[in-house]
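S.K.: Next comes the structure file query_27.csv, holding CSV, C-alpha atoms (C1' of nucleotides).
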chain,number,residue,atom,x,y,z
A,260,MET,CA,-1.2,-26.2,6.2
A,261,THR,CA,-4.4,-25.4,8.2
A,262,LEU,CA,-6.6,-26.3,5.2
A,263,ARG,CA,-5.1,-29.8,5.3
A,264,TYR,CA,-6.2,-30.2,8.9
A,265,ALA,CA,-9.6,-28.6,8.3
A,266,LEU,CA,-10.2,-31.3,5.6
A,267,LEU,CA,-8.9,-34.1,7.8
A,268,GLY,CA,-11.3,-32.9,10.5
A,269,LEU,CA,-14.3,-33.0,8.2
A,270,LEU,CA,-13.3,-36.5,7.1
A,271,THR,CA,-13.4,-37.8,10.7
A,272,ARG,CA,-17.1,-37.1,10.6
A,273,LYS,CA,-17.7,-39.2,7.5
A,274,SER,CA,-16.1,-40.3,4.3
A,275,GLN,CA,-17.0,-37.8,1.6
A,276,THR,CA,-16.1,-36.2,-1.8
A,277,GLY,CA,-14.2,-33.0,-2.5
A,278,TYR,CA,-17.4,-31.6,-3.8
A,279,GLU,CA,-19.2,-32.3,-0.5
A,280,LEU,CA,-16.3,-30.9,1.5
A,281,TYR,CA,-16.4,-27.7,-0.5
A,282,GLN,CA,-20.2,-27.4,0.1
A,283,THR,CA,-19.5,-27.7,3.9
A,284,PHE,CA,-17.0,-24.9,3.8
A,285,LYS,CA,-19.5,-22.7,1.9
A,286,GLN,CA,-22.5,-23.5,4.0
A,287,GLN,CA,-21.4,-24.4,7.5
A,288,LEU,CA,-18.0,-22.9,7.9
A,289,ILE,CA,-18.1,-19.4,6.3
A,290,TYR,CA,-17.2,-17.9,9.7
A,291,VAL,CA,-14.5,-20.5,10.4
A,292,TRP,CA,-12.5,-21.0,7.2
A,293,SER,CA,-13.0,-20.2,3.6
A,294,SER,CA,-11.6,-22.1,0.6
A,295,THR,CA,-12.3,-22.7,-3.1
A,296,HIS,CA,-12.9,-25.9,-4.9
A,297,SER,CA,-9.7,-25.7,-6.9
A,298,GLN,CA,-7.7,-25.4,-3.7
A,299,ILE,CA,-9.6,-28.3,-2.1
A,300,TYR,CA,-9.1,-30.7,-5.0
A,301,LYS,CA,-5.4,-29.9,-5.1
A,302,GLU,CA,-4.9,-30.4,-1.4
A,303,LEU,CA,-6.9,-33.7,-1.4
A,304,ASN,CA,-4.6,-35.1,-4.1
A,305,LEU,CA,-1.5,-34.1,-2.1
A,306,MET,CA,-3.0,-35.6,1.1
A,307,GLU,CA,-3.7,-38.8,-0.6
A,308,LYS,CA,0.0,-39.0,-1.8
A,309,HIS,CA,1.1,-38.4,1.8
A,310,GLY,CA,-1.0,-41.3,3.0
A,311,LEU,CA,-3.3,-39.2,5.2
A,312,ILE,CA,-6.4,-40.2,3.3
A,313,THR,CA,-7.5,-42.9,0.8
A,314,TYR,CA,-10.2,-42.8,-1.8
A,315,GLN,CA,-12.3,-44.9,-4.0
A,316,TRP,CA,-14.1,-44.0,-7.2
A,317,ILE,CA,-17.9,-44.2,-7.0
A,318,TYR,CA,-19.4,-44.8,-10.4
A,319,GLN,CA,-22.7,-43.0,-11.1
A,320,GLU,CA,-25.0,-43.1,-14.1
A,321,GLY,CA,-26.3,-39.7,-15.2
A,322,SER,CA,-24.1,-37.8,-12.8
A,323,PRO,CA,-20.3,-37.6,-13.0
A,324,ASN,CA,-18.3,-40.2,-11.2
A,325,LYS,CA,-16.9,-39.2,-7.8
A,326,LYS,CA,-13.9,-39.9,-5.5
A,327,GLN,CA,-14.9,-40.7,-2.0
A,328,TYR,CA,-12.2,-39.9,0.5
A,329,THR,CA,-11.6,-41.6,3.8
A,330,ILE,CA,-9.2,-40.6,6.6
A,331,SER,CA,-6.4,-43.1,7.3
A,332,TYR,CA,-5.1,-44.1,10.7
A,333,GLU,CA,-2.0,-42.0,10.0
A,334,GLY,CA,-4.3,-39.0,9.1
A,335,GLU,CA,-6.2,-39.2,12.3
A,336,LYS,CA,-3.0,-39.5,14.4
A,337,LYS,CA,-1.5,-36.4,12.7
A,338,LEU,CA,-4.8,-34.4,13.2
A,339,ALA,CA,-5.0,-35.1,16.9
A,340,GLU,CA,-1.3,-34.2,17.2
A,341,TRP,CA,-1.8,-31.0,15.3
A,342,ILE,CA,-4.8,-29.9,17.4
A,343,VAL,CA,-3.0,-30.3,20.7
A,344,HIS,CA,0.5,-29.2,19.7
A,345,GLU,CA,0.4,-26.7,16.8
A,346,GLN,CA,0.8,-23.2,18.2
A,347,ASN,CA,-2.4,-21.1,18.2
A,348,ARG,CA,-2.4,-18.4,15.5
A,349,PRO,CA,-4.5,-15.3,15.7
A,350,LEU,CA,-7.5,-15.3,13.4
A,351,LYS,CA,-7.4,-13.5,10.1
A,352,MET,CA,-10.4,-11.7,8.9
A,353,LYS,CA,-11.0,-10.2,5.5
A,354,ASP,CA,-14.3,-8.3,5.6
A,355,GLN,CA,-14.7,-6.0,2.7
A,356,PHE,CA,-17.8,-4.5,4.1
A,357,LEU,CA,-16.2,-3.5,7.4
A,358,ILE,CA,-13.5,-1.7,5.4
A,359,LYS,CA,-16.2,0.3,3.7
A,360,ALA,CA,-17.9,0.9,7.0
A,361,SER,CA,-14.7,2.2,8.5
A,362,SER,CA,-14.7,5.0,5.8
A,363,PHE,CA,-18.4,5.9,6.0
A,364,SER,CA,-17.4,9.5,6.7
A,365,VAL,CA,-16.5,10.0,3.0
A,366,ILE,CA,-20.0,9.0,1.8
A,367,SER,CA,-23.4,10.3,2.7
A,368,LYS,CA,-25.5,9.1,5.6
A,369,SER,CA,-28.2,7.7,3.3
A,370,GLU,CA,-25.7,5.8,1.2
A,371,ALA,CA,-24.1,4.3,4.3
A,372,ILE,CA,-27.5,3.2,5.6
A,373,GLN,CA,-28.4,1.6,2.3
A,374,LEU,CA,-25.1,-0.4,2.4
A,375,LEU,CA,-25.8,-1.5,6.0
A,376,GLU,CA,-29.3,-2.6,5.1
A,377,GLU,CA,-28.0,-4.8,2.3
A,378,VAL,CA,-25.4,-6.5,4.5
A,379,LYS,CA,-27.9,-6.9,7.4
A,380,GLN,CA,-30.1,-8.9,5.0
A,381,ARG,CA,-27.2,-11.1,3.9
A,382,GLU,CA,-26.2,-11.9,7.5
A,383,TYR,CA,-29.8,-12.4,8.6
A,384,ASP,CA,-30.3,-15.0,5.9
A,385,VAL,CA,-27.1,-16.8,7.1
A,386,TYR,CA,-28.5,-16.6,10.6
A,387,LEU,CA,-31.8,-18.2,9.8
A,388,GLN,CA,-30.3,-20.9,7.6
A,389,THR,CA,-27.6,-21.9,10.1
A,390,LYS,CA,-30.1,-21.9,13.0
A,391,LYS,CA,-32.5,-24.1,11.1
A,392,TRP,CA,-29.7,-26.5,10.1
A,393,LYS,CA,-28.5,-26.7,13.7
A,394,GLU,CA,-31.9,-27.3,15.2
A,395,GLU,CA,-32.7,-30.0,12.7
A,396,THR,CA,-29.3,-31.7,13.0
A,397,PHE,CA,-29.0,-31.4,16.8
A,398,PRO,CA,-32.4,-31.4,18.5
A,399,ASN,CA,-30.5,-32.1,21.8
A,400,ALA,CA,-26.9,-31.4,22.9
A,401,PRO,CA,-24.8,-34.2,21.3
A,402,SER,CA,-22.2,-36.6,22.8
A,403,HIS,CA,-18.5,-35.7,22.7
A,404,LYS,CA,-18.3,-37.5,19.3
A,405,LYS,CA,-20.2,-34.7,17.7
A,406,THR,CA,-19.3,-31.7,19.9
A,407,GLY,CA,-17.0,-30.1,17.3
A,408,GLU,CA,-19.7,-29.9,14.7
A,409,TYR,CA,-22.2,-28.7,17.3
A,410,ILE,CA,-20.1,-25.9,18.8
A,411,THR,CA,-18.9,-24.5,15.5
A,412,ALA,CA,-22.5,-24.4,14.2
A,413,GLU,CA,-23.4,-22.4,17.3
A,414,PHE,CA,-20.5,-20.1,16.7
A,415,GLY,CA,-21.8,-19.3,13.2
A,416,ILE,CA,-25.3,-18.5,14.6
A,417,ARG,CA,-23.9,-16.2,17.3
A,418,TYR,CA,-21.6,-14.5,14.8
A,419,ALA,CA,-24.4,-13.8,12.3
A,420,LYS,CA,-26.7,-12.7,15.1
A,421,MET,CA,-24.1,-10.3,16.4
A,422,TYR,CA,-23.6,-8.9,12.9
A,423,VAL,CA,-27.3,-8.3,12.4
A,424,ASP,CA,-27.6,-6.6,15.8
A,425,TRP,CA,-24.6,-4.4,15.1
A,426,CYS,CA,-26.1,-3.3,11.7
A,427,ASP,CA,-29.2,-2.1,13.5
A,428,TRP,CA,-27.2,-0.3,16.1
A,429,ALA,CA,-24.9,1.3,13.4
A,430,MET,CA,-27.9,2.5,11.4
A,431,GLU,CA,-29.3,4.2,14.5
A,432,VAL,CA,-25.9,5.8,15.2
A,433,ILE,CA,-25.6,7.2,11.7
A,434,LYS,CA,-29.2,8.5,11.7
A,435,GLN,CA,-28.6,10.4,14.9
A,436,ALA,CA,-25.1,11.7,14.1
A,437,ASP,CA,-24.6,15.4,13.5
A,438,GLU,CA,-23.4,16.1,9.9
B,281,MET,CA,-7.3,-4.2,-4.2
B,282,THR,CA,-9.2,-4.0,-0.9
B,283,LEU,CA,-6.0,-3.4,1.1
B,284,ARG,CA,-5.5,-0.3,-1.1
B,285,TYR,CA,-8.9,1.1,-0.1
B,286,ALA,CA,-8.4,0.1,3.6
B,287,LEU,CA,-5.2,2.2,3.6
B,288,LEU,CA,-6.9,5.1,1.8
B,289,GLY,CA,-9.7,5.0,4.4
B,290,LEU,CA,-7.2,5.2,7.3
B,291,LEU,CA,-5.5,8.1,5.6
B,292,THR,CA,-8.7,10.1,5.5
B,293,ARG,CA,-8.6,10.2,9.3
B,294,LYS,CA,-5.1,11.7,9.4
B,295,SER,CA,-1.8,11.7,7.6
B,296,GLN,CA,0.4,8.9,8.9
B,297,THR,CA,3.3,6.6,8.3
B,298,GLY,CA,3.3,3.0,7.1
B,299,TYR,CA,4.3,1.9,10.5
B,300,GLU,CA,1.4,3.6,12.2
B,301,LEU,CA,-1.0,2.1,9.6
B,302,TYR,CA,0.3,-1.3,10.4
B,303,GLN,CA,-0.2,-0.7,14.1
B,304,THR,CA,-3.8,0.2,13.5
B,305,PHE,CA,-4.4,-3.0,11.5
B,306,LYS,CA,-3.0,-5.0,14.4
B,307,GLN,CA,-4.7,-3.2,17.2
B,308,GLN,CA,-8.0,-1.8,16.0
B,309,LEU,CA,-8.8,-3.8,12.9
B,310,ILE,CA,-8.0,-7.4,13.8
B,311,TYR,CA,-11.6,-8.4,13.2
B,312,VAL,CA,-11.9,-6.3,10.0
B,313,TRP,CA,-8.8,-6.8,7.9
B,314,SER,CA,-5.4,-8.3,8.5
B,315,SER,CA,-2.2,-7.4,6.8
B,316,THR,CA,1.6,-7.4,7.3
B,317,HIS,CA,4.1,-4.6,7.3
B,318,SER,CA,5.8,-5.9,4.1
B,319,GLN,CA,2.5,-5.8,2.2
B,320,ILE,CA,1.6,-2.4,3.5
B,321,TYR,CA,4.9,-0.7,2.6
B,322,LYS,CA,4.7,-2.2,-0.9
B,323,GLU,CA,1.2,-1.1,-1.4
B,324,LEU,CA,1.9,2.4,-0.2
B,325,ASN,CA,4.7,2.7,-2.7
B,326,LEU,CA,2.4,1.7,-5.5
B,327,MET,CA,-0.4,4.0,-4.4
B,328,GLU,CA,2.1,6.9,-4.4
B,329,LYS,CA,3.1,6.1,-8.0
B,330,HIS,CA,-0.6,6.1,-8.9
B,331,GLY,CA,-1.1,9.5,-7.4
B,332,LEU,CA,-3.6,8.4,-4.7
B,333,ILE,CA,-1.3,9.5,-1.9
B,334,THR,CA,1.7,11.8,-1.4
B,335,TYR,CA,4.4,11.7,1.2
B,336,GLN,CA,7.1,13.7,2.9
B,337,TRP,CA,10.1,12.5,4.8
B,338,ILE,CA,10.2,13.4,8.5
B,339,TYR,CA,13.8,13.5,9.8
B,340,GLN,CA,14.2,12.3,13.3
B,341,GLU,CA,17.3,12.1,15.5
B,342,GLY,CA,17.7,9.0,17.5
B,343,SER,CA,14.8,7.2,15.8
B,344,PRO,CA,14.8,6.2,12.1
B,345,ASN,CA,13.4,8.7,9.6
B,346,LYS,CA,9.9,8.2,8.5
B,347,LYS,CA,7.6,8.8,5.5
B,348,GLN,CA,4.3,10.5,6.3
B,349,TYR,CA,1.6,9.8,3.8
B,350,THR,CA,-1.3,12.1,2.9
B,351,ILE,CA,-4.3,11.1,0.8
B,352,SER,CA,-4.7,13.2,-2.4
B,353,TYR,CA,-7.9,14.6,-3.8
B,354,GLU,CA,-7.7,11.9,-6.5
B,355,GLY,CA,-7.4,9.2,-3.8
B,356,GLU,CA,-10.4,10.5,-1.8
B,357,LYS,CA,-12.5,10.6,-5.0
B,358,LYS,CA,-11.5,7.0,-5.9
B,359,LEU,CA,-12.2,5.8,-2.3
B,360,ALA,CA,-15.8,7.3,-2.2
B,361,GLU,CA,-16.4,5.8,-5.7
B,362,TRP,CA,-15.2,2.4,-4.5
B,363,ILE,CA,-17.3,2.3,-1.3
B,364,VAL,CA,-20.5,3.0,-3.2
B,365,HIS,CA,-20.0,1.1,-6.4
B,366,GLU,CA,-17.6,-1.8,-5.8
B,367,GLN,CA,-19.7,-5.0,-5.5
B,368,ASN,CA,-20.0,-6.4,-2.0
B,369,ARG,CA,-17.9,-9.6,-1.5
B,370,PRO,CA,-18.7,-12.1,1.3
B,371,LEU,CA,-16.3,-12.0,4.2
B,372,LYS,CA,-13.4,-14.4,4.4
B,373,MET,CA,-12.4,-15.8,7.8
B,374,LYS,CA,-9.4,-17.9,8.7
B,375,ASP,CA,-9.7,-18.9,12.3
B,376,GLN,CA,-7.3,-21.7,13.1
B,377,PHE,CA,-8.7,-22.2,16.5
B,378,LEU,CA,-12.2,-22.8,15.2
B,379,ILE,CA,-10.8,-25.4,12.9
B,380,LYS,CA,-9.4,-27.1,15.9
B,381,ALA,CA,-12.7,-26.7,17.7
B,382,SER,CA,-14.5,-28.4,14.8
B,383,SER,CA,-12.5,-31.5,15.4
B,384,PHE,CA,-12.6,-31.6,19.2
B,385,SER,CA,-14.1,-35.1,19.0
B,386,VAL,CA,-10.6,-36.5,18.2
B,387,ILE,CA,-9.0,-35.2,21.4
B,388,SER,CA,-10.0,-35.6,25.1
B,389,LYS,CA,-12.6,-33.4,26.8
B,390,SER,CA,-9.9,-32.0,29.2
B,391,GLU,CA,-7.6,-31.0,26.3
B,392,ALA,CA,-10.4,-29.3,24.5
B,393,ILE,CA,-11.3,-27.3,27.6
B,394,GLN,CA,-7.7,-26.2,28.1
B,395,LEU,CA,-7.6,-24.9,24.5
B,396,LEU,CA,-10.9,-23.1,25.0
B,397,GLU,CA,-9.6,-21.5,28.2
B,398,GLU,CA,-6.5,-20.2,26.4
B,399,VAL,CA,-8.4,-18.7,23.5
B,400,LYS,CA,-11.0,-17.2,25.9
B,401,GLN,CA,-8.2,-15.4,27.7
B,402,ARG,CA,-6.9,-14.0,24.4
B,403,GLU,CA,-10.3,-12.8,23.3
B,404,TYR,CA,-11.1,-11.3,26.7
B,405,ASP,CA,-7.8,-9.3,26.6
B,406,VAL,CA,-8.8,-7.9,23.2
B,407,TYR,CA,-12.3,-7.1,24.5
B,408,LEU,CA,-11.0,-5.1,27.5
B,409,GLN,CA,-8.4,-3.3,25.4
B,410,THR,CA,-10.7,-2.3,22.6
B,411,LYS,CA,-13.4,-1.3,25.0
B,412,LYS,CA,-11.0,0.9,26.9
B,413,TRP,CA,-9.7,2.5,23.7
B,414,LYS,CA,-13.2,3.2,22.5
B,415,GLU,CA,-14.4,4.7,25.7
B,416,GLU,CA,-11.4,7.0,25.9
B,417,THR,CA,-11.5,8.0,22.3
B,418,PHE,CA,-15.3,8.5,22.0
B,419,PRO,CA,-16.8,9.5,25.4
B,420,ASN,CA,-20.0,10.4,23.3
B,421,ALA,CA,-21.3,9.3,20.0
B,422,PRO,CA,-19.3,11.2,17.4
B,423,SER,CA,-20.4,13.3,14.4
B,424,HIS,CA,-20.7,11.7,10.9
B,425,LYS,CA,-17.0,12.7,10.3
B,426,LYS,CA,-15.9,10.0,12.8
B,427,THR,CA,-18.7,7.5,12.5
B,428,GLY,CA,-16.6,4.9,10.6
B,429,GLU,CA,-14.0,4.7,13.3
B,430,TYR,CA,-16.6,4.5,16.0
B,431,ILE,CA,-18.8,1.8,14.5
B,432,THR,CA,-15.8,-0.5,13.6
B,433,ALA,CA,-14.5,-0.2,17.1
B,434,GLU,CA,-17.9,-1.2,18.4
B,435,PHE,CA,-17.9,-4.2,16.0
B,436,GLY,CA,-14.6,-5.3,17.5
B,437,ILE,CA,-15.9,-5.1,21.0
B,438,ARG,CA,-19.0,-7.0,20.1
B,439,TYR,CA,-17.0,-9.7,18.3
B,440,ALA,CA,-14.6,-10.3,21.1
B,441,LYS,CA,-17.5,-10.4,23.6
B,442,MET,CA,-19.4,-12.9,21.5
B,443,TYR,CA,-16.3,-15.0,21.3
B,444,VAL,CA,-15.7,-15.0,25.0
B,445,ASP,CA,-19.3,-15.9,25.8
B,446,TRP,CA,-19.2,-18.6,23.2
B,447,CYS,CA,-16.1,-20.1,24.8
B,448,ASP,CA,-17.9,-20.3,28.2
B,449,TRP,CA,-20.9,-21.9,26.6
B,450,ALA,CA,-18.7,-24.4,24.6
B,451,MET,CA,-16.8,-25.4,27.8
B,452,GLU,CA,-20.1,-26.1,29.5
B,453,VAL,CA,-21.3,-28.2,26.6
B,454,ILE,CA,-18.1,-30.3,26.6
B,455,LYS,CA,-18.2,-30.8,30.4
B,456,GLN,CA,-21.8,-32.1,30.2
B,457,ALA,CA,-21.4,-34.2,27.0
B,458,ASP,CA,-21.6,-38.0,27.2
B,459,GLU,CA,-18.3,-39.7,26.3
C,72,DC,C1',22.9,-8.7,27.8
C,73,DA,C1',18.9,-10.1,25.4
C,74,DT,C1',14.7,-8.5,23.7
C,75,DC,C1',11.4,-5.2,22.2
C,76,DC,C1',10.3,-0.8,19.8
C,77,DC,C1',10.8,2.2,16.0
C,78,DA,C1',11.0,2.4,10.8
C,79,DT,C1',11.5,0.9,6.1
C,80,DG,C1',12.2,-2.1,2.8
C,81,DT,C1',13.3,-6.6,-0.5
C,82,DA,C1',13.0,-11.5,-2.0
C,83,DA,C1',11.4,-16.0,-2.0
C,84,DA,C1',8.0,-19.2,-1.0
C,85,DA,C1',3.3,-20.5,0.1
C,86,DA,C1',-1.5,-19.9,-0.2
C,87,DG,C1',-5.4,-18.4,-2.4
C,88,DT,C1',-8.4,-16.7,-6.5
C,89,DT,C1',-10.1,-16.7,-11.1
C,90,DA,C1',-10.7,-18.5,-15.5
C,91,DC,C1',-10.7,-22.4,-18.5
C,92,DA,C1',-12.4,-27.1,-19.4
C,93,DT,C1',-16.0,-30.9,-19.7
C,94,DG,C1',-20.8,-32.7,-19.9
C,95,DA,C1',-25.2,-34.8,-18.4
C,96,DT,C1',-29.4,-33.6,-15.6
C,97,DT,C1',-32.5,-30.8,-13.3
C,98,DT,C1',-35.0,-26.5,-12.4
C,99,DG,C1',-37.3,-22.1,-13.5
D,136,DC,C1',-33.9,-22.4,-23.4
D,137,DA,C1',-30.9,-20.4,-20.0
D,138,DA,C1',-29.1,-21.2,-15.7
D,139,DA,C1',-28.0,-24.0,-11.8
D,140,DT,C1',-26.3,-28.5,-9.9
D,141,DC,C1',-23.2,-32.3,-9.7
D,142,DA,C1',-18.2,-33.5,-10.1
D,143,DT,C1',-13.3,-33.0,-11.0
D,144,DG,C1',-9.5,-31.0,-12.4
D,145,DT,C1',-5.5,-27.6,-14.6
D,146,DA,C1',-3.2,-23.1,-15.4
D,147,DA,C1',-2.3,-18.4,-14.8
D,148,DC,C1',-2.4,-14.9,-11.8
D,149,DT,C1',-2.7,-12.4,-7.4
D,150,DT,C1',-2.2,-12.1,-2.7
D,151,DT,C1',-0.2,-13.1,1.5
D,152,DT,C1',3.4,-14.9,4.5
D,153,DT,C1',8.0,-15.5,6.2
D,154,DA,C1',12.7,-14.6,6.3
D,155,DC,C1',16.4,-11.5,5.5
D,156,DA,C1',18.4,-6.8,6.1
D,157,DT,C1',19.7,-2.6,9.0
D,158,DG,C1',20.6,0.0,13.4
D,159,DG,C1',19.9,3.2,17.4
D,160,DG,C1',17.4,3.6,21.8
D,161,DA,C1',14.8,1.8,25.6
D,162,DT,C1',13.3,-1.8,28.8
D,163,DG,C1',13.8,-5.7,31.9
For the structure just supplied, provide its representation as structure tokens.
M.R.:
Amino acid sequence: MTLRYALLGLLTRKSQTGYELYQTFKQQLIYVWSSTHSQIYKELNLMEKHGLITYQWIYQEGSPNKKQYTISYEGEKKLAEWIVHEQNRPLKMKDQFLIKASSFSVISKSEAIQLLEEVKQREYDVYLQTKKWKEETFPNAPSHKKTGEYITAEFGIRYAKMYVDWCDWAMEVIKQADE
Amino acid sequence: MTLRYALLGLLTRKSQTGYELYQTFKQQLIYVWSSTHSQIYKELNLMEKHGLITYQWIYQEGSPNKKQYTISYEGEKKLAEWIVHEQNRPLKMKDQFLIKASSFSVISKSEAIQLLEEVKQREYDVYLQTKKWKEETFPNAPSHKKTGEYITAEFGIRYAKMYVDWCDWAMEVIKQADE
DNA sequence: CATCCCATGTAAAAAGTTACATGATTTG
DNA sequence: CAAATCATGTAACTTTTTACATGGGATG
């Protein structure tokens, strides 16, 4: 059910298509919630049937037509209710690389360092990209209306930065460890 | 399949039961990989059938009997192979609270701050607990044999610390935001 | 006296992933 | 000329969650 509220939340920012919502998950919310386009399209159809959102077809020449979704009054009411009253659940992480890292003792030091180098690069790219987006989108701290977007962007930046720094630290630890 | 290798990795540290493995996921690996006991018991049974692990019953009086699993040579070989050659997948996060945070504009500033305060406390507890465990378990940087455990513990500490600091920052942002 | 801990499992339901499907336009 | 982007969807499959099941011992 959380996906439903994640989508409702994004639709309070502006009316948008399933495709755009998916892009936001991939680009701005990787450290918040992950989803796939097939899941999002399915959920949007259900949400529309439940009256939480409405849509209108936008006809385009050249590009495929698209469905622009708008949150309903009912949807906004349910969202606010959920945020305040739904019991908090612990986060769930699935980080394949950290599973590998937790077993670094079964591979060589040089192989471990190479894997860390690759992941560091990946996280550093995310860091730069998210930081750039946040600085362009919010040159100053925004009003309460945009706080949600602002603070989650900052979370992403801090997460990626923490990951990069940890990679550097871990490589040093491995280099200096006794065999 | 990643759960399988996560379990194999933990079994390289020492022979242990499904129950103990589940405790480790809950306590030491919350920011790495999450799983449930039902999934772990099922996977261990499959892994045993595939010859990746073996087990022996340990009979106990008073407490229920338990199955102690040990990684096989085959299992260790498959694990090392997987770590080096399995293609890296991007991490997948499911953080219900950050979904709520991303929609803070639909609730009041005071409600948002209360939610942040609760989550901050939760993360701070994890921070203290993980830090204590790491300092007790590794008074000094360990040899390569224990690097995996050491660096993932450090990751957990840094993650929880980052989360706590971000909560403080976010509360300030919300307090100072225009309505 | 209720709840938690230990310890293992099964079964049903929900959520999530991957592959298939279409097709014009743009980019390298 | 291959691949990526835009745009939506379905179907099969895998993974994950939740509930059910058992039962003694310890804790509050």
S.K.: Quick one: everything within 8 Å of stretch 142-152 of chain D, counting all atoms listed in the file, minus sequence neighbours fewer than 4 positions away in the same chain. Send it as number ranges by chain.
M.R.: A: 278, 297, 300, 322-325; B: 319; C: 85-89
S.K.: Quick check, in Å to one decimal: how far apart do atom CA of A:Gly268 and atom CA of B:Ser383 lie?
M.R.: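 Atom-to-atom, atom CA of A:Gly268 and atom CA of B:Ser383 are spaced 5.2 Å apart.
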S.K.: Residues of chain A that have any atom at most 6 Å from an atom of chain B: could you tabulate them with the shortest-distance atom pair and the distance in Å to one decimal, using only C-alpha atoms, ordered by chain and increasing number, as a Markdown table?
M.R.:
| residue | atom | partner | partner_atom | distance |
| --- | --- | --- | --- | --- |
| A:Ala265 | CA | B:Ile379 | CA | 5.7 |
| A:Gly268 | CA | B:Ser383 | CA | 5.2 |
| A:Tyr290 | CA | B:Met373 | CA | 5.6 |
| A:Val291 | CA | B:Asp375 | CA | 5.4 |
| A:Trp292 | CA | B:Lys374 | CA | 4.6 |
| A:Ser293 | CA | B:Lys372 | CA | 5.9 |
| A:Ala339 | CA | B:Val386 | CA | 5.9 |
| A:Ile342 | CA | B:Lys380 | CA | 5.6 |
| A:Leu350 | CA | B:Asp375 | CA | 4.4 |
| A:Lys351 | CA | B:Lys374 | CA | 5.0 |
| A:Met352 | CA | B:Met373 | CA | 4.7 |
| A:Lys353 | CA | B:Trp313 | CA | 4.7 |
| A:Asp354 | CA | B:Leu371 | CA | 4.4 |
| A:Leu357 | CA | B:Val312 | CA | 5.8 |
| A:Ile358 | CA | B:Ala286 | CA | 5.7 |
| A:Lys359 | CA | B:Ile363 | CA | 5.5 |
| A:Ala360 | CA | B:Gly428 | CA | 5.5 |
| A:Ser361 | CA | B:Gly428 | CA | 3.9 |
| A:Ser362 | CA | B:Gly428 | CA | 5.2 |
| A:Phe363 | CA | B:Gly428 | CA | 5.0 |
| A:Ser364 | CA | B:Lys425 | CA | 4.8 |
| A:Val365 | CA | B:Ala360 | CA | 5.9 |
| A:Ser402 | CA | B:Asp458 | CA | 4.7 |
| A:His403 | CA | B:Glu459 | CA | 5.4 |
| A:Lys404 | CA | B:Ser385 | CA | 4.8 |
| A:Gly407 | CA | B:Ser382 | CA | 3.9 |
| A:Glu408 | CA | B:Ser382 | CA | 5.4 |
| A:Thr411 | CA | B:Ser382 | CA | 5.9 |
| A:Ala436 | CA | B:Ser423 | CA | 5.0 |
| A:Asp437 | CA | B:Ser423 | CA | 4.8 |
| A:Glu438 | CA | B:His424 | CA | 5.3 |
S.K.: Please determine the contact residues of chain C with respect to chain B at a cut-off of 8 Å, counting only C-alpha atoms (C1' of nucleotides), and supply them as a VMD selection string.
M.R.: chain C and resid 77 to 80
S.K.: Quick one: distance from atom CA of B:Tyr335 to atom C1' of D:DT153 in Å, one decimal?
M.R.: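 If I compute the distance from atom CA of B:Tyr335 to atom C1' of D:DT153, I get 27.9 Å.
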S.K.: Find the distance between atom CA of B:Lys411 and atom CA of B:Gln307 and write it in Å to one decimal.
M.R.: 11.8 Å
S.K.: Name all residues at most 8 Å from B:Ala440 (count all atoms listed in the file; drop same-chain ones fewer than 4 positions away) and give them as a ChimeraX atom specification.
M.R.: /B:403-404,406-407,436,444
S.K.: Which is closer to chain D than all the others in A:Leu375, A:Leu387, A:Ile299, A:Ile416, using all atoms listed in the file?
M.R.: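 Nearest to chain D: A:Ile299.
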S.K.: Find the residue from A:Phe284, A:Tyr332, A:Phe397, A:Trp316 that sits nearest to chain D; use all atoms listed in the file when measuring.
M.R.: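 Checking each candidate against chain D, we get A:Trp316 as the closest.
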